[in-house]
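This is my_file_7.txt (compact mmCIF, C-alpha atoms).
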# COMPACT_ATOMS: atom_id res chain seq x y z
CA MET A 1 0.00 0.00 0.00
CA ALA A 2 1.66 3.19 -1.16
CA ASN A 3 -0.23 5.27 1.38
CA GLY A 4 1.36 3.31 4.23
CA MET A 5 4.86 4.25 3.13
CA LYS A 6 3.86 7.87 2.38
CA ASN A 7 2.34 8.08 5.82
CA LEU A 8 5.50 6.62 7.33
CA GLY A 9 7.32 9.65 5.97
CA VAL A 10 4.70 11.87 7.59
CA ALA A 11 5.16 10.08 10.90
CA ILE A 12 8.92 10.41 10.75
CA ALA A 13 8.60 14.10 9.88
CA LEU A 14 6.30 14.60 12.86
CA ILE A 15 8.79 12.85 15.13
CA ALA A 16 11.61 15.02 13.83
CA ALA A 17 9.49 18.15 14.21
CA SER A 18 8.58 17.20 17.76
CA GLY A 19 12.12 17.94 18.84
CA VAL A 20 13.40 14.46 19.57
CA THR A 21 16.83 15.77 20.44
CA LEU A 22 18.28 15.57 23.87
CA VAL A 23 20.45 18.13 25.54
CA THR A 24 23.59 16.42 26.73
CA PRO A 25 25.69 17.84 29.59
CA ALA A 26 28.32 18.97 27.06
CA THR A 27 25.84 20.97 24.99
CA ALA A 28 24.27 22.38 28.13
CA ARG A 29 27.71 23.68 29.23
CA ASP A 30 28.18 25.33 25.84
CA LYS A 31 25.06 27.46 26.27
CA LYS A 32 25.47 30.96 27.60
CA ALA A 33 25.07 31.23 31.34
CA ASP A 34 22.61 34.10 31.02
CA ALA A 35 20.32 32.24 28.59
CA PRO A 36 17.13 30.96 30.17
CA ALA A 37 17.22 27.20 30.70
CA ALA A 38 14.87 25.31 28.43
CA LYS A 39 12.79 22.65 30.11
CA GLY A 40 14.11 19.37 28.82
CA PRO A 41 12.51 15.97 28.81
CA ASN A 42 11.88 14.23 32.11
CA LEU A 43 14.27 11.32 31.63
CA SER A 44 15.07 9.05 34.54
CA LYS A 45 18.62 9.07 35.90
CA THR A 46 19.10 5.42 34.98
CA ALA A 47 17.71 5.61 31.45
CA ARG A 48 19.15 9.00 30.45
CA PRO A 49 22.72 7.82 29.72
CA LEU A 50 21.44 4.93 27.62
CA ILE A 51 19.00 7.10 25.68
CA VAL A 52 21.57 9.85 25.09
CA GLY A 53 24.09 7.16 24.10
CA ALA A 54 21.60 5.69 21.65
CA GLN A 55 21.03 9.13 20.14
CA GLU A 56 24.78 9.56 19.65
CA LYS A 57 25.03 6.13 18.03
CA ILE A 58 22.16 6.99 15.67
CA LYS A 59 24.03 10.16 14.66
CA ALA A 60 27.12 8.00 14.00
CA ASN A 61 25.04 5.54 11.91
CA ASP A 62 25.56 2.77 14.47
CA ASN A 63 21.96 1.56 14.47
CA ALA A 64 22.77 -1.84 15.97
CA GLY A 65 24.59 -0.21 18.88
CA ALA A 66 21.80 2.32 19.34
CA LEU A 67 19.14 -0.37 19.37
CA ALA A 68 21.13 -2.39 21.91
CA GLN A 69 21.22 0.64 24.22
CA LEU A 70 17.50 1.25 23.74
CA ARG A 71 16.77 -2.39 24.62
CA GLN A 72 18.81 -1.96 27.81
CA ALA A 73 16.98 1.23 28.66
CA GLU A 74 13.51 -0.21 28.10
CA ALA A 75 14.32 -3.09 30.46
CA LEU A 76 14.91 -0.70 33.35
CA PRO A 77 12.28 -0.36 36.08
CA ASP A 78 10.40 2.88 36.70
CA LEU A 79 10.76 4.47 33.27
CA THR A 80 9.17 7.88 32.89
CA ALA A 81 6.69 8.61 30.12
CA ASP A 82 9.42 10.67 28.43
CA ASP A 83 11.85 7.73 28.66
CA LYS A 84 9.31 5.54 26.90
CA TYR A 85 8.55 8.21 24.29
CA PHE A 86 12.20 8.81 23.38
CA ILE A 87 12.99 5.09 23.28
CA ALA A 88 10.03 4.55 20.97
CA ASN A 89 10.89 7.46 18.68
CA PHE A 90 14.48 6.37 18.31
CA LYS A 91 13.24 2.88 17.42
CA VAL A 92 11.14 4.43 14.64
CA MET A 93 14.18 6.30 13.35
CA ILE A 94 16.30 3.15 13.36
CA GLY A 95 13.47 1.16 11.78
CA GLN A 96 13.14 3.70 9.00
CA SER A 97 16.89 3.71 8.38
CA ASN A 98 16.98 -0.10 8.31
CA LYS A 99 13.68 -0.41 6.37
CA ASP A 100 12.43 -2.59 9.24
CA ASN A 101 8.63 -2.33 9.48
CA ALA A 102 8.53 -4.52 12.59
CA LEU A 103 10.76 -2.06 14.46
CA ILE A 104 8.82 0.92 13.10
CA LYS A 105 5.62 -0.73 14.33
CA GLU A 106 7.15 -1.43 17.74
CA GLY A 107 8.32 2.17 18.01
CA LEU A 108 5.03 3.73 16.94
CA GLU A 109 3.06 1.52 19.32
CA GLY A 110 5.48 2.44 22.10
CA ALA A 111 5.13 6.14 21.36
CA LEU A 112 1.34 5.85 21.49
CA ALA A 113 1.49 3.83 24.72
CA SER A 114 3.74 6.46 26.34
CA GLY A 115 0.85 8.91 26.43
CA GLN A 116 3.18 11.63 25.15
CA THR A 117 1.95 11.93 21.56
CA THR A 118 -0.01 14.91 20.32
CA ALA A 119 -3.42 14.40 18.74
CA GLU A 120 -1.88 14.92 15.29
CA GLN A 121 0.88 12.38 16.00
CA THR A 122 -1.66 9.90 17.34
CA ALA A 123 -3.70 10.08 14.15
CA SER A 124 -0.61 9.90 11.91
CA PHE A 125 0.96 7.03 13.85
CA ASN A 126 -2.30 5.06 13.75
CA LYS A 127 -2.48 5.66 9.99
CA VAL A 128 1.06 4.34 9.51
CA LEU A 129 0.34 1.34 11.74
CA GLY A 130 -2.77 0.66 9.69
CA GLY A 131 -0.71 0.82 6.52
CA ILE A 132 1.87 -1.60 7.90
CA ALA A 133 -0.87 -4.04 8.94
CA TYR A 134 -2.60 -3.66 5.58
CA ASN A 135 0.64 -4.38 3.70
CA ALA A 136 1.08 -7.49 5.86
CA LYS A 137 -2.48 -8.53 4.89
CA ASP A 138 -3.52 -8.29 8.54
CA TYR A 139 -6.83 -6.67 7.67
CA PRO A 140 -8.49 -6.85 11.11
CA THR A 141 -5.54 -5.02 12.69
CA ALA A 142 -5.42 -2.52 9.82
CA THR A 143 -9.13 -1.85 10.32
CA LYS A 144 -8.56 -1.25 14.05
CA TYR A 145 -5.87 1.34 13.35
CA PHE A 146 -7.79 3.05 10.54
CA GLN A 147 -10.88 3.27 12.76
CA ALA A 148 -8.73 4.96 15.41
CA VAL A 149 -7.65 7.51 12.79
CA LEU A 150 -11.27 8.20 11.82
CA ARG A 151 -12.30 8.60 15.47
CA ALA A 152 -9.58 11.21 15.87
CA LYS A 153 -10.06 12.82 12.45
CA PRO A 154 -13.51 12.04 11.02
CA ASP A 155 -12.80 14.32 8.06
CA ASP A 156 -9.78 12.27 6.93
CA THR A 157 -11.04 11.41 3.46
CA GLU A 158 -7.90 9.44 2.57
CA THR A 159 -8.44 7.00 5.44
CA ALA A 160 -12.22 6.94 4.97
CA GLY A 161 -11.69 5.77 1.38
CA ILE A 162 -9.67 2.69 2.38

Output the file's structure in the form of structure tokens.
Amino acid sequence: MANGMKNLGVAIALIAASGVTLVTPATARDKKADAPAAKGPNLSKTARPLIVGAQEKIKANDNAGALAQLRQAEALPDLTADDKYFIANFKVMIGQSNKDNALIKEGLEGALASGQTTAEQTASFNKVLGGIAYNAKDYPTATKYFQAVLRAKPDDTETAGI
């Protein structure tokens, strides 16, 4: 389904636009002392180094290393909603880079489960998940995701026409 892949690009663009970039201690030191501090994500002390490390590995095109760090982070107890959201979004990025729909699906579902997605992201992510399920010929699951899109955006004529 061509729409599923087009919508994947939309989902990735929304993730990128949502500011999925962490401020590391080094970049924080580089900021001017008189600049107001921006409120960063609420990452747990135990997950933060793994998530920041995964981000650095993604930048260095070490997707296997990044995914290994994300798997370690997600196994930690007491993850914050932001921990879960960043882990999920980085999985989507890695999945897109590796053309791995299973990892994209896992990441999008994780982002939705984190409770941190905007209404627009929720609709877009459900549309992509529906497209992935449709391409896999899992029509009942595709229907579930597309119905979620229509509940959120009843005027979505593209989804309504599927």

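Rounded to one decimal, atom CA of A:Asn42 and atom CA of A:Ile104 lie 23.4 Å from each other.
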
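Excluding stretch 83-93 of chain A itself and same-chain residues fewer than 2 positions from it, the residues having an atom within 6 Å of it are Leu43, Leu70, Leu79, Thr80, Ala81, Gly95, Gln96, Ile104, Gly107, Gly110, Ala111 and Ser114 of chain A, counting all atoms listed in the file.
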
Dump as a JSON list (two decimals), keeping the file's coordinate frame, selection limited to C-alpha atoms:
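Below is the file part_39.json, written as the result:
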[["chain", "number", "residue", "atom", "x", "y", "z"],
["A", 43, "LEU", "CA", 14.27, 11.32, 31.63],
["A", 70, "LEU", "CA", 17.50, 1.25, 23.74],
["A", 79, "LEU", "CA", 10.76, 4.47, 33.27],
["A", 80, "THR", "CA", 9.17, 7.88, 32.89],
["A", 81, "ALA", "CA", 6.69, 8.61, 30.12],
["A", 95, "GLY", "CA", 13.47, 1.16, 11.78],
["A", 96, "GLN", "CA", 13.14, 3.70, 9.00],
["A", 104, "ILE", "CA", 8.82, 0.92, 13.10],
["A", 107, "GLY", "CA", 8.32, 2.17, 18.01],
["A", 110, "GLY", "CA", 5.48, 2.44, 22.10],
["A", 111, "ALA", "CA", 5.13, 6.14, 21.36],
["A", 114, "SER", "CA", 3.74, 6.46, 26.34]]

Next on the checklist: With distances taken over all atoms listed in the file, which residue among A:Thr143, A:Ile58, A:Asn98, A:Leu108 lies nearest A:Thr122?
Outcome noted: A:Leu108

Item to check | Residues near A:Lys105, cut-off 8 Å, all atoms listed in the file, skip fewer than 3 positions along chain, as a list in words | outcome: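 That gives Val92, Asn101, Ala102, Leu108, Glu109, Leu129 and Ile132 of chain A.
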
Can you spit out the residues from that selection as a compact mmCIF listing (two decimals), keeping the file's coordinate frame, using C-alpha atoms?
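Generated file (out.txt):
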# COMPACT_ATOMS: atom_id res chain seq x y z
CA VAL A 92 11.14 4.43 14.64
CA ASN A 101 8.63 -2.33 9.48
CA ALA A 102 8.53 -4.52 12.59
CA LEU A 108 5.03 3.73 16.94
CA GLU A 109 3.06 1.52 19.32
CA LEU A 129 0.34 1.34 11.74
CA ILE A 132 1.87 -1.60 7.90

Checklist entry - Skipping near chain neighbours, those fewer than 3 positions away, what residues fall within 7 Å of A:Ala54 using only C-alpha atoms, listed as a PyMOL selection string? => result chain A and resi 50-51+57-58+66-67+69-70

Checklist entry - Any idea what the distance is between atom CA of A:Val52 and atom CA of A:Ala75? => result 15.8 Å

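One finds atom CA of A:Ser97 at 20.4 Å from atom CA of A:Ala73.
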
Checklist outcome for this item: Between A:Lys59, A:Lys153, A:Arg71, A:Lys99, smallest distance to A:Glu120 by all atoms listed in the file belongs to A:Lys153

Export stretch 64-81 of chain A from the structure block above, keeping N, CA and C atoms, as a PDB file, in the first residue's frame.
ATOM      1  N   ALA A  64      22.765  -0.643  15.121  1.00  0.00           N
ATOM      2  CA  ALA A  64      22.772  -1.840  15.966  1.00  0.00           C
ATOM      3  C   ALA A  64      23.160  -1.478  17.399  1.00  0.00           C
ATOM      4  N   GLY A  65      24.176  -0.644  17.545  1.00  0.00           N
ATOM      5  CA  GLY A  65      24.589  -0.208  18.881  1.00  0.00           C
ATOM      6  C   GLY A  65      23.516   0.616  19.558  1.00  0.00           C
ATOM      7  N   ALA A  66      22.872   1.481  18.786  1.00  0.00           N
ATOM      8  CA  ALA A  66      21.799   2.319  19.338  1.00  0.00           C
ATOM      9  C   ALA A  66      20.640   1.450  19.818  1.00  0.00           C
ATOM     10  N   LEU A  67      20.261   0.489  18.986  1.00  0.00           N
ATOM     11  CA  LEU A  67      19.142  -0.375  19.368  1.00  0.00           C
ATOM     12  C   LEU A  67      19.484  -1.192  20.613  1.00  0.00           C
ATOM     13  N   ALA A  68      20.714  -1.645  20.718  1.00  0.00           N
ATOM     14  CA  ALA A  68      21.132  -2.394  21.913  1.00  0.00           C
ATOM     15  C   ALA A  68      20.981  -1.523  23.162  1.00  0.00           C
ATOM     16  N   GLN A  69      21.361  -0.256  23.070  1.00  0.00           N
ATOM     17  CA  GLN A  69      21.218   0.640  24.221  1.00  0.00           C
ATOM     18  C   GLN A  69      19.755   0.905  24.536  1.00  0.00           C
ATOM     19  N   LEU A  70      18.932   1.042  23.502  1.00  0.00           N
ATOM     20  CA  LEU A  70      17.503   1.255  23.736  1.00  0.00           C
ATOM     21  C   LEU A  70      16.877   0.038  24.401  1.00  0.00           C
ATOM     22  N   ARG A  71      17.287  -1.159  23.993  1.00  0.00           N
ATOM     23  CA  ARG A  71      16.768  -2.387  24.620  1.00  0.00           C
ATOM     24  C   ARG A  71      17.170  -2.435  26.091  1.00  0.00           C
ATOM     25  N   GLN A  72      18.383  -2.017  26.401  1.00  0.00           N
ATOM     26  CA  GLN A  72      18.810  -1.965  27.808  1.00  0.00           C
ATOM     27  C   GLN A  72      17.953  -0.963  28.581  1.00  0.00           C
ATOM     28  N   ALA A  73      17.742   0.184  27.984  1.00  0.00           N
ATOM     29  CA  ALA A  73      16.975   1.234  28.660  1.00  0.00           C
ATOM     30  C   ALA A  73      15.546   0.789  28.919  1.00  0.00           C
ATOM     31  N   GLU A  74      14.919   0.160  27.921  1.00  0.00           N
ATOM     32  CA  GLU A  74      13.515  -0.213  28.102  1.00  0.00           C
ATOM     33  C   GLU A  74      13.335  -1.331  29.124  1.00  0.00           C
ATOM     34  N   ALA A  75      14.404  -2.034  29.460  1.00  0.00           N
ATOM     35  CA  ALA A  75      14.318  -3.092  30.460  1.00  0.00           C
ATOM     36  C   ALA A  75      14.435  -2.553  31.890  1.00  0.00           C
ATOM     37  N   LEU A  76      14.753  -1.291  32.025  1.00  0.00           N
ATOM     38  CA  LEU A  76      14.913  -0.696  33.353  1.00  0.00           C
ATOM     39  C   LEU A  76      13.555  -0.517  34.035  1.00  0.00           C
ATOM     40  N   PRO A  77      13.538  -0.618  35.357  1.00  0.00           N
ATOM     41  CA  PRO A  77      12.276  -0.355  36.076  1.00  0.00           C
ATOM     42  C   PRO A  77      12.029   1.154  36.168  1.00  0.00           C
ATOM     43  N   ASP A  78      10.795   1.500  36.399  1.00  0.00           N
ATOM     44  CA  ASP A  78      10.401   2.883  36.697  1.00  0.00           C
ATOM     45  C   ASP A  78      10.773   3.882  35.604  1.00  0.00           C
ATOM     46  N   LEU A  79      10.522   3.527  34.353  1.00  0.00           N
ATOM     47  CA  LEU A  79      10.761   4.467  33.267  1.00  0.00           C
ATOM     48  C   LEU A  79       9.706   5.568  33.302  1.00  0.00           C
ATOM     49  N   THR A  80      10.116   6.773  32.986  1.00  0.00           N
ATOM     50  CA  THR A  80       9.165   7.879  32.886  1.00  0.00           C
ATOM     51  C   THR A  80       8.461   7.793  31.530  1.00  0.00           C
ATOM     52  N   ALA A  81       7.392   8.546  31.401  1.00  0.00           N
ATOM     53  CA  ALA A  81       6.686   8.607  30.117  1.00  0.00           C
ATOM     54  C   ALA A  81       7.614   9.159  29.040  1.00  0.00           C
TER      55      ALA A  81
END
